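**Q** My questions all concern the structure below.
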Number of protein chains: 2
Amino acid sequence: MDADESIVMAGRVSALADPVRLRILSILAGSDDGEVCACDFVEPLGRSQPTVSHHLRVLAEAGFVEGDKRGRWVWYRLRDDSVADLARDLVTVATGGR
Amino acid sequence: MDADESIVMAGRVSALADPVRLRILSILAGSDDGEVCACDFVEPLGRSQPTVSHHLRVLAEAGFVEGDKRGRWVWYRLRDDSVADLARDLVTVATGGR
């Protein structure tokens, strides 16, 4: 694994290296139709809207969630396989495949 | 996923959210007999010994590597399944299992 690859992968891992962001993934994964409004994370996470929006932005920029703006609010969903792909890549590194 | 679980998991993920530490995993996984002396990471990583030792300590405290002190130096190896376990746990979170 060269330095550039490690920097890219560390960026992806960093997006998940936060308890609030992990809980966001959990909430999204447990939602009925896979979509949750940005406004609906505030109460379960116990964080302000700006904080929630920051974390959603970090996850979106790293490719783990995607947002769909509807009127005033943005609805988020998990990007299929995004976490599984990172999980697989981590195992590849740790088994000598990269 | 409750707040406490998310804090614990984020701590594990954080240990891998660093390019040097990912490269350490890669070097360990690619070594002939699975063991690498702490002194042998300096050249491939292009970092000082204190920096390398810091990163190895972070990985050890998070359970990803274990060190065996032999004389002056510590030899490190990957802890079996440690990365795979985290990978599996991340997928569990992202598929609604936690």
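Letters A, B, ... mark the chains of the structure tokens in the order given; residue numbers begin at 1 per chain; ligand numbers begin at 1, in order shown.
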Check every residue of chain B for an atom within 6 Å of chain A, counting only C-alpha atoms, and provide those that qualify as a list in words.

**A**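 Therefore, the residues near the partner are Ser6, Ile7, Ala10, Val13, Ser14, Ala17, Asp18, Pro19, Leu25, Ser26, Ala29, Gly30, Ala84, Ala87, Val91, Val93, Ala94, Thr95 and Gly96 of chain B.
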
**Q** Suppose we keep C-alpha atoms; can you now write the selection as a tab-separated table (two decimals), in the first residue's frame?

**A**
```
chain	number	residue	atom	x	y	z
B	6	SER	CA	-20.97	4.25	19.25
B	7	ILE	CA	-18.17	5.75	21.34
B	10	ALA	CA	-15.62	5.01	16.96
B	13	VAL	CA	-12.34	2.89	13.83
B	14	SER	CA	-10.19	5.87	14.81
B	17	ALA	CA	-8.25	6.33	10.42
B	18	ASP	CA	-4.64	7.21	9.75
B	19	PRO	CA	-2.56	6.63	6.62
B	25	LEU	CA	-1.20	-3.06	8.79
B	26	SER	CA	-0.22	-3.58	5.18
B	29	ALA	CA	0.15	-8.47	6.52
B	30	GLY	CA	2.78	-8.72	3.81
B	84	ALA	CA	-12.15	-8.48	10.07
B	87	ALA	CA	-15.21	-4.71	9.28
B	91	VAL	CA	-21.41	-3.75	8.08
B	93	VAL	CA	-24.30	-1.13	11.82
B	94	ALA	CA	-24.92	-0.17	8.20
B	95	THR	CA	-27.41	-2.96	7.59
B	96	GLY	CA	-29.58	-2.27	10.61
```

**Q** Where does DSSP see strand (DSSP E) in chain A, if you list the residues as a list of chain:residue names?

**A**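 Strand (DSSP E) members of chain A, listed: A:Val36, A:Cys37, A:Val65, A:Glu66, A:Gly67, A:Asp68, A:Lys69, A:Arg70, A:Trp73, A:Val74, A:Trp75, A:Tyr76, A:Arg77, A:Leu78.
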
**Q** In Å to one decimal, how far is CA of Glu61 in chain A from CA of Leu59 in chain B?

**A** 26.3 Å

**Q** If DSSP is run on the backbone, what residues of range 16-85 of chain B are alpha helix (DSSP H)? A reply as an MDAnalysis selection string would be ideal.

**A** chainID B and resid 16 19:30 42:45 49:61 82:85
